[in-house]
Amino acid sequence: MKITIIGTGYVGLVTGACLAETGNSVFCIDVAAHKIDLLNNGGVPIYEPGLQEMLERNRAAGRIHFSTDLAAGAAHGDILFIAVGTPPDEDGSADLQYVLAAARNIGQHMNGFKVIVNKSTVPVGTAQRVQHAIAAELAERAVAHPFSVVSNPEFLKEGAALDDFMRPDRIVFGCDKDQNGVRAAGMMKSLYAPFNRDHERLLQMDVRSAEMTKYAANAMLATRISFMNELANLAECIGVDIDAVRAGIGADPRIGKHFLYAGCGYGGSCFPKDVQALMRTASEHDQPLRILSAVEAVNDAQKQVLEQKIVARLGADLSAFRFAVWGLAFKPDTDDMREAPSRVLIAALLARGAKVTVYDPIAMDEARRVFALDLQAEPTASARLSFAAEPMQAVEGADALVVVTEWNAFKSPDFQLLRAQLKTPLIFDGRNLYEPAAMNALEIEYHAIGRTDEPL
Ligand SMILES: NC(=O)c1ccc[n+]([C@@H]2O[C@H](COP(=O)([O-])OP(=O)(O)OC[C@H]3O[C@@H](n4cnc5c(N)ncnc54)[C@H](O)[C@@H]3O)[C@@H](O)[C@H]2O)c1
Ligand SMILES: O=c1ccn([C@@H]2O[C@H](COP(=O)(O)OP(=O)(O)O[C@H]3O[C@H](CO)[C@@H](O)[C@H](O)[C@H]3O)[C@@H](O)[C@H]2O)c(=O)[nH]1
């Protein structure tokens, strides 16, 4: 099929690559000319495992093209995916300006029957707004091309995006019941057939329910994490190991063992903004979601837990100390630092006068960009932040190591070397990577999340 993807970010680029991989002719559009130039020169603007290779393969086969030409994009695809950002507005609601701009562009240039698919995460009712935006442009042009707007939210996780897309748990899509909607549903089923070989993955529903499903999924996952983080904080006070509790409750299939890890808070471009947007929708309808208010408040507090542990151990004035920080991305296997807990921690340490040396296996370029912005008004703090070329270099002569992201490379370091490199054998671990008993044996003082130092 002929497919156009509008927006070549994490979702658009992965969607485009995977649909090209299954043989479709894919045209990717973005307003950011530098991204399109990079893609046309063989580069990839984001880090996502396997993406570079998949794009190369499909580019060589002539199945994927990149352009800033919206008119050509609107003409190319029978199915047009909108995969642009929906960042939080000032009041927490999803900012739909990019989605509606893409819709207007489609209306200005479409040239026949089109299926327009909302892939972006958008509030209930957005498909209708997209529909009106396109219809208004068609009316302006005095043409009457038929079209249908479909909701097809995306559930991929960064760092595992290709696998999630190629082998999805489910593909949710919502279509209208009118003639164009039925035609659109048929085209969606054909497009996704290669990802639905067992005939169990496609979940068709009405448009509004599909829109809501995305927010419900992220809100449920965020709730699990805040629940575990709050229990972890209690566990520390009463001599309980949260990791043992996780194993114990996770064995119940009604709870499940996945996505139950306590840590230093959830980040990323999705959970924080989607929890906020759903709360906003709820309060607009006078149905406040009290659980989600708590989920958000717990997460904001959890991002400060490492700082609190450091202050409890070393004092409020940290100007005599230098900290090594391992992990900057909001999770492993991505370069994405949007809402990353590392940013909250590093800002707090610098504000308390500390020196900080950071290391991340992939996100170093992004970190330089992000901290240049975060610290632009604070040159003295900025001067106390340095970037290491490898993990042990960050640790050398540091007063403590703080682990913020659970990259594989941090899971089994040479502990003897680590101990020797640190000025003080002191670790604060926001991701519970190490065994407290083993740290005891190595005479490393170890502070983790919700764990005791009792040998297991
Ligand atoms: N990142 C994820 O893991 C993930 C997963 C599932 C769903 N989502 C949702 O998907 C959407 C996109 O997220 P993302 O992380 O890919 O965003 P992103 O910021 O990485 O990419 C968005 C892209 O859209 C482009 N763009 C903006 N306006 C445009 C326009 N009018 N025409 C063409 N291009 C335009 C931007 O230049 C940018 O390259 C969001 O709604 C997000 O909530 C994200
Ligand atoms: O047990 C866990 C699991 C995750 N996290 C944290 O939660 C955040 C989000 O992680 P993850 O969900 O793996 O990454 P995302 O790429 O943000 O993916 C989420 O957000 C996407 C965008 O909406 C959805 O498509 C995905 O299904 C959903 O998992 C990260 O900071 C993790 O460190 C924990 O603290 N404990």
# chains A, B, ... in the order shown; residues from 1 in each chain; ligands from 1
$ residues_around --residues "Asn180 (chain A)" --least-positions-apart "2" --cutoff "10 Å" --atoms "only C-alpha atoms" --output "PyMOL selection string"
chain A and resi 113-115+146-149+175-178+182-186
$ write_last_selection --atoms "N, CA and C atoms" --output "CSV table (one decimal), in the first residue's frame"
chain,number,residue,atom,x,y,z
A,113,PHE,N,-9.7,9.7,-2.3
A,113,PHE,CA,-10.1,9.1,-1.0
A,113,PHE,C,-8.8,8.9,-0.2
A,114,LYS,N,-8.9,9.3,1.1
A,114,LYS,CA,-7.8,9.1,2.0
A,114,LYS,C,-8.3,8.6,3.4
A,115,VAL,N,-7.5,7.8,3.9
A,115,VAL,CA,-7.7,7.4,5.3
A,115,VAL,C,-6.7,8.2,6.1
A,146,PRO,N,-13.7,12.2,-0.6
A,146,PRO,CA,-14.1,11.5,0.6
A,146,PRO,C,-12.9,11.1,1.4
A,147,PHE,N,-13.1,11.0,2.7
A,147,PHE,CA,-12.0,10.6,3.6
A,147,PHE,C,-12.6,10.0,4.9
A,148,SER,N,-11.8,9.4,5.7
A,148,SER,CA,-12.3,8.9,7.0
A,148,SER,C,-11.1,9.0,8.0
A,149,VAL,N,-11.4,9.5,9.2
A,149,VAL,CA,-10.4,9.6,10.2
A,149,VAL,C,-10.4,8.4,11.2
A,175,CYS,N,-12.7,3.0,14.2
A,175,CYS,CA,-13.2,3.6,12.9
A,175,CYS,C,-14.7,3.9,13.0
A,176,ASP,N,-15.1,4.9,12.2
A,176,ASP,CA,-16.6,5.2,12.1
A,176,ASP,C,-17.3,4.0,11.5
A,177,LYS,N,-18.7,4.1,11.7
A,177,LYS,CA,-19.5,3.0,11.1
A,177,LYS,C,-20.1,3.3,9.7
A,178,ASP,N,-19.8,4.6,9.3
A,178,ASP,CA,-20.4,5.0,8.0
A,178,ASP,C,-19.6,4.3,6.8
A,182,VAL,N,-16.1,2.2,7.1
A,182,VAL,CA,-16.0,0.7,6.8
A,182,VAL,C,-14.9,0.4,5.8
A,183,ARG,N,-14.8,1.3,4.8
A,183,ARG,CA,-13.8,1.2,3.8
A,183,ARG,C,-12.4,1.4,4.5
A,184,ALA,N,-12.3,2.4,5.4
A,184,ALA,CA,-11.1,2.6,6.1
A,184,ALA,C,-10.7,1.4,7.0
A,185,ALA,N,-11.7,0.8,7.6
A,185,ALA,CA,-11.4,-0.4,8.5
A,185,ALA,C,-10.8,-1.5,7.7
A,186,GLY,N,-11.3,-1.7,6.5
A,186,GLY,CA,-10.8,-2.8,5.6
A,186,GLY,C,-9.4,-2.5,5.3
$ select_by_dssp --residues "region 93-339 of chain A" --states "strand (DSSP E or B)" --output "ChimeraX atom specification"
/A:94,114-118,147-151,171-174,202-205,322-326
$ residues_near_ligand --ligand "ligand 2" --cutoff "8 Å" --atoms "only C-alpha atoms and all ligand atoms" --output "PyMOL selection string"
chain A and resi 121+154-159+161+214-215+217-218+221-222+224-225+258-271+274+330-332+340-341+405-406+431
$ write_last_selection --atoms "C-alpha atoms" --output "PDB file, in the first residue's frame"
ATOM      1  CA  THR A 121      -1.578  10.288  21.543  1.00  0.00           C
ATOM      2  CA  GLU A 154       0.753   3.559  19.367  1.00  0.00           C
ATOM      3  CA  PHE A 155       1.975   1.466  22.306  1.00  0.00           C
ATOM      4  CA  LEU A 156       5.678   1.053  21.473  1.00  0.00           C
ATOM      5  CA  LYS A 157       8.316   1.572  24.157  1.00  0.00           C
ATOM      6  CA  GLU A 158      11.469   3.499  23.351  1.00  0.00           C
ATOM      7  CA  GLY A 159      14.506   1.226  23.344  1.00  0.00           C
ATOM      8  CA  ALA A 161      10.334   0.143  19.585  1.00  0.00           C
ATOM      9  CA  LYS A 214      -4.079   4.859  24.975  1.00  0.00           C
ATOM     10  CA  TYR A 215      -4.421   7.135  28.007  1.00  0.00           C
ATOM     11  CA  ALA A 217      -2.886   2.085  29.342  1.00  0.00           C
ATOM     12  CA  ASN A 218      -0.276   4.698  30.243  1.00  0.00           C
ATOM     13  CA  LEU A 221       1.324   1.611  33.999  1.00  0.00           C
ATOM     14  CA  ALA A 222       2.265   4.872  35.719  1.00  0.00           C
ATOM     15  CA  ARG A 224       1.847   0.573  39.067  1.00  0.00           C
ATOM     16  CA  ILE A 225       5.159   2.387  39.270  1.00  0.00           C
ATOM     17  CA  HIS A 258       6.450  -7.010  34.665  1.00  0.00           C
ATOM     18  CA  PHE A 259       6.637  -3.276  35.172  1.00  0.00           C
ATOM     19  CA  LEU A 260       6.763  -3.462  38.962  1.00  0.00           C
ATOM     20  CA  TYR A 261      10.219  -2.053  39.625  1.00  0.00           C
ATOM     21  CA  ALA A 262      10.619   0.613  42.273  1.00  0.00           C
ATOM     22  CA  GLY A 263      13.100   3.317  41.335  1.00  0.00           C
ATOM     23  CA  CYS A 264      13.808   7.033  41.273  1.00  0.00           C
ATOM     24  CA  GLY A 265      10.604   7.891  39.402  1.00  0.00           C
ATOM     25  CA  TYR A 266       9.231   7.496  35.906  1.00  0.00           C
ATOM     26  CA  GLY A 267      10.212   9.884  33.131  1.00  0.00           C
ATOM     27  CA  GLY A 268       9.991  10.023  29.360  1.00  0.00           C
ATOM     28  CA  SER A 269       7.850  11.885  26.898  1.00  0.00           C
ATOM     29  CA  CYS A 270       4.702   9.872  27.604  1.00  0.00           C
ATOM     30  CA  PHE A 271       3.765   8.959  31.190  1.00  0.00           C
ATOM     31  CA  ASP A 274      -0.383  11.541  29.377  1.00  0.00           C
ATOM     32  CA  PHE A 330      15.066   8.422  31.089  1.00  0.00           C
ATOM     33  CA  LYS A 331      15.480   4.661  30.562  1.00  0.00           C
ATOM     34  CA  PRO A 332      18.101   2.359  28.982  1.00  0.00           C
ATOM     35  CA  ALA A 340      14.396  12.153  32.861  1.00  0.00           C
ATOM     36  CA  PRO A 341      14.892  11.762  36.644  1.00  0.00           C
ATOM     37  CA  THR A 405      19.475   4.623  34.644  1.00  0.00           C
ATOM     38  CA  GLU A 406      19.764   0.824  34.526  1.00  0.00           C
ATOM     39  CA  ARG A 431      17.497   1.463  40.111  1.00  0.00           C
TER      40      ARG A 431
END
$ closest_atom_pairs --of "chain A" --to "ligand 1" --cutoff "6 Å" --atoms "only C-alpha atoms and all ligand atoms" --output "tab-separated table"
residue	atom	partner	partner_atom_place_in_ligand_line	distance
A:Ile6	CA	ligand 1	33 (C)	4.8
A:Gly7	CA	ligand 1	24 (O)	3.5
A:Thr8	CA	ligand 1	39 (O)	4.7
A:Gly9	CA	ligand 1	21 (O)	3.2
A:Tyr10	CA	ligand 1	16 (O)	3.7
A:Val11	CA	ligand 1	16 (O)	3.8
A:Gly12	CA	ligand 1	16 (O)	5.6
A:Ile29	CA	ligand 1	33 (C)	5.6
A:Asp30	CA	ligand 1	34 (N)	3.6
A:Val31	CA	ligand 1	34 (N)	4.6
A:Ala32	CA	ligand 1	37 (O)	4.6
A:Ala83	CA	ligand 1	12 (C)	5.0
A:Val84	CA	ligand 1	24 (O)	3.6
A:Gly85	CA	ligand 1	12 (C)	4.1
A:Thr86	CA	ligand 1	41 (O)	4.3
A:Tyr98	CA	ligand 1	28 (N)	4.5
A:Ala101	CA	ligand 1	31 (N)	4.9
A:Ala102	CA	ligand 1	31 (N)	4.2
A:Ser120	CA	ligand 1	41 (O)	3.5
A:Thr121	CA	ligand 1	41 (O)	3.8
A:Glu154	CA	ligand 1	6 (C)	4.5
A:Phe155	CA	ligand 1	6 (C)	4.9
A:Leu156	CA	ligand 1	5 (C)	5.1
A:Lys157	CA	ligand 1	3 (O)	5.0
A:Glu158	CA	ligand 1	3 (O)	4.8
A:Cys270	CA	ligand 1	43 (O)	5.4
$ closest_residue --among "A:Ile116, A:Ala247, A:Ala232, A:Leu306" --to "Gln131 (chain A)" --atoms "only C-alpha atoms"
A:Ile116
$ residues_around --residues "Ile242 (chain A)" --least-positions-apart "5" --cutoff "7 Å" --atoms "only C-alpha atoms" --output "list in words"
Ala232, Ala235, Gly450 and Arg451 of chain A
$ write_last_selection --atoms "C-alpha atoms" --output "short mmCIF file (atom, residue, chain, number, x, y, z; two decimals), in the first residue's frame"
data_model
loop_
_atom_site.label_atom_id
_atom_site.label_comp_id
_atom_site.auth_asym_id
_atom_site.auth_seq_id
_atom_site.Cartn_x
_atom_site.Cartn_y
_atom_site.Cartn_z
CA ALA A 232 9.42 1.03 48.60
CA ALA A 235 9.70 -0.75 53.05
CA GLY A 450 13.23 0.20 49.31
CA ARG A 451 15.90 -2.31 50.25
#
$ closest_residue --among "A:Gln97, A:Asn408, A:Thr4, A:Thr424" --to "His65 (chain A)" --atoms "only C-alpha atoms"
A:Thr4
$ closest_residue --among "A:Pro194, A:Pro391, A:Gly315, A:Gly125" --to "Asp414 (chain A)" --atoms "only C-alpha atoms"
A:Pro391
$ residues_around --residues "region 200-206 of chain A" --least-positions-apart "6" --cutoff "7 Å" --atoms "only C-alpha atoms" --output "ChimeraX atom specification"
/A:169-176
$ closest_residue --among "A:Ile64, A:Ala277, A:Ala33, A:Met188" --to "Asp78 (chain A)" --atoms "only C-alpha atoms"
A:Met188
$ residues_around --residues "Arg141 (chain A)" --least-positions-apart "3" --cutoff "8 Å" --atoms "only C-alpha atoms" --output "list in words"
Gln108, Glu137 and Leu138 of chain A
$ residues_around --residues "Val26 (chain A)" --least-positions-apart "2" --cutoff "8 Å" --atoms "only C-alpha atoms" --output "ChimeraX atom specification"
/A:2-5,16,19-20,24,28,63-65,77
$ residues_around --residues "Ala383 (chain A)" --least-positions-apart "5" --cutoff "12 Å" --atoms "only C-alpha atoms" --output "list of chain:residue names"
A:Leu350, A:Gly353, A:Ala354, A:Lys355, A:Val356, A:Thr357, A:Phe371, A:Ala372, A:Leu375, A:Gln376, A:Ala377, A:Glu378
$ atom_distance --atom1 "CA of Leu442 (chain A)" --atom2 "CA of Val245 (chain A)"
25.1 Å
$ select_by_dssp --residues "region 215-455 of chain A" --states "helix (DSSP H, G or I)" --output "ChimeraX atom specification"
/A:215-237,242-250,271-284,290-302,305-314,341-351,364-374,379-383,391-395,408-410,415-421,436-441
$ closest_residue --among "A:Leu318, A:Gly92, A:Val44, A:Asp164" --to "Ala282 (chain A)" --atoms "only C-alpha atoms"
A:Gly92
$ decode --residues "region 208-241 of chain A" --atoms "N, CA and C atoms" --output "short mmCIF file (atom, residue, chain, number, x, y, z; two decimals), in the first residue's frame"
data_model
loop_
_atom_site.label_atom_id
_atom_site.label_comp_id
_atom_site.auth_asym_id
_atom_site.auth_seq_id
_atom_site.Cartn_x
_atom_site.Cartn_y
_atom_site.Cartn_z
N ARG A 208 -13.70 6.93 19.72
CA ARG A 208 -13.46 7.55 21.03
C ARG A 208 -12.88 6.55 22.02
N SER A 209 -13.34 5.31 21.95
CA SER A 209 -12.80 4.30 22.87
C SER A 209 -11.33 4.02 22.54
N ALA A 210 -10.98 4.04 21.25
CA ALA A 210 -9.58 3.82 20.88
C ALA A 210 -8.72 4.96 21.44
N GLU A 211 -9.21 6.18 21.33
CA GLU A 211 -8.45 7.33 21.85
C GLU A 211 -8.24 7.18 23.36
N MET A 212 -9.28 6.77 24.06
CA MET A 212 -9.20 6.63 25.52
C MET A 212 -8.28 5.48 25.93
N THR A 213 -8.26 4.41 25.13
CA THR A 213 -7.47 3.22 25.49
C THR A 213 -6.01 3.58 25.69
N LYS A 214 -5.50 4.48 24.85
CA LYS A 214 -4.08 4.86 24.97
C LYS A 214 -3.79 5.50 26.32
N TYR A 215 -4.64 6.45 26.72
CA TYR A 215 -4.42 7.14 28.01
C TYR A 215 -4.62 6.17 29.17
N ALA A 216 -5.60 5.29 29.03
CA ALA A 216 -5.87 4.34 30.12
C ALA A 216 -4.66 3.42 30.32
N ALA A 217 -4.05 2.99 29.23
CA ALA A 217 -2.89 2.09 29.34
C ALA A 217 -1.73 2.79 30.06
N ASN A 218 -1.40 3.99 29.62
CA ASN A 218 -0.28 4.70 30.24
C ASN A 218 -0.57 5.07 31.69
N ALA A 219 -1.83 5.43 31.97
CA ALA A 219 -2.18 5.79 33.34
C ALA A 219 -2.07 4.57 34.26
N MET A 220 -2.51 3.42 33.76
CA MET A 220 -2.41 2.19 34.56
C MET A 220 -0.93 1.85 34.83
N LEU A 221 -0.10 1.94 33.82
CA LEU A 221 1.32 1.61 34.00
C LEU A 221 2.00 2.59 34.96
N ALA A 222 1.68 3.87 34.81
CA ALA A 222 2.27 4.87 35.72
C ALA A 222 1.81 4.62 37.16
N THR A 223 0.55 4.18 37.29
CA THR A 223 0.01 3.89 38.63
C THR A 223 0.78 2.75 39.29
N ARG A 224 1.08 1.70 38.51
CA ARG A 224 1.85 0.57 39.07
C ARG A 224 3.18 1.07 39.61
N ILE A 225 3.82 1.94 38.85
CA ILE A 225 5.16 2.39 39.27
C ILE A 225 5.06 3.25 40.52
N SER A 226 4.14 4.21 40.54
CA SER A 226 4.02 5.04 41.74
C SER A 226 3.61 4.21 42.95
N PHE A 227 2.77 3.21 42.74
CA PHE A 227 2.37 2.33 43.83
C PHE A 227 3.60 1.62 44.41
N MET A 228 4.43 1.07 43.54
CA MET A 228 5.63 0.37 44.01
C MET A 228 6.61 1.34 44.66
N ASN A 229 6.71 2.55 44.13
CA ASN A 229 7.65 3.51 44.71
C ASN A 229 7.21 3.92 46.11
N GLU A 230 5.92 4.09 46.28
CA GLU A 230 5.45 4.47 47.61
C GLU A 230 5.65 3.32 48.60
N LEU A 231 5.37 2.08 48.15
CA LEU A 231 5.63 0.93 49.02
C LEU A 231 7.12 0.82 49.35
N ALA A 232 7.96 1.13 48.37
CA ALA A 232 9.42 1.03 48.60
C ALA A 232 9.86 1.99 49.69
N ASN A 233 9.30 3.18 49.68
CA ASN A 233 9.68 4.16 50.71
C ASN A 233 9.25 3.67 52.09
N LEU A 234 8.09 3.03 52.16
CA LEU A 234 7.66 2.45 53.44
C LEU A 234 8.56 1.27 53.80
N ALA A 235 8.88 0.44 52.80
CA ALA A 235 9.70 -0.75 53.05
C ALA A 235 11.01 -0.39 53.76
N GLU A 236 11.62 0.70 53.33
CA GLU A 236 12.89 1.13 53.94
C GLU A 236 12.73 1.41 55.43
N CYS A 237 11.57 1.94 55.79
CA CYS A 237 11.36 2.34 57.20
C CYS A 237 11.09 1.14 58.09
N ILE A 238 10.65 0.02 57.50
CA ILE A 238 10.20 -1.08 58.37
C ILE A 238 10.96 -2.37 58.10
N GLY A 239 12.18 -2.22 57.50
CA GLY A 239 13.04 -3.38 57.34
C GLY A 239 12.52 -4.42 56.36
N VAL A 240 12.00 -3.95 55.24
CA VAL A 240 11.45 -4.86 54.22
C VAL A 240 12.21 -4.63 52.92
N ASP A 241 12.42 -5.71 52.15
CA ASP A 241 13.09 -5.58 50.85
C ASP A 241 12.03 -5.55 49.74
#
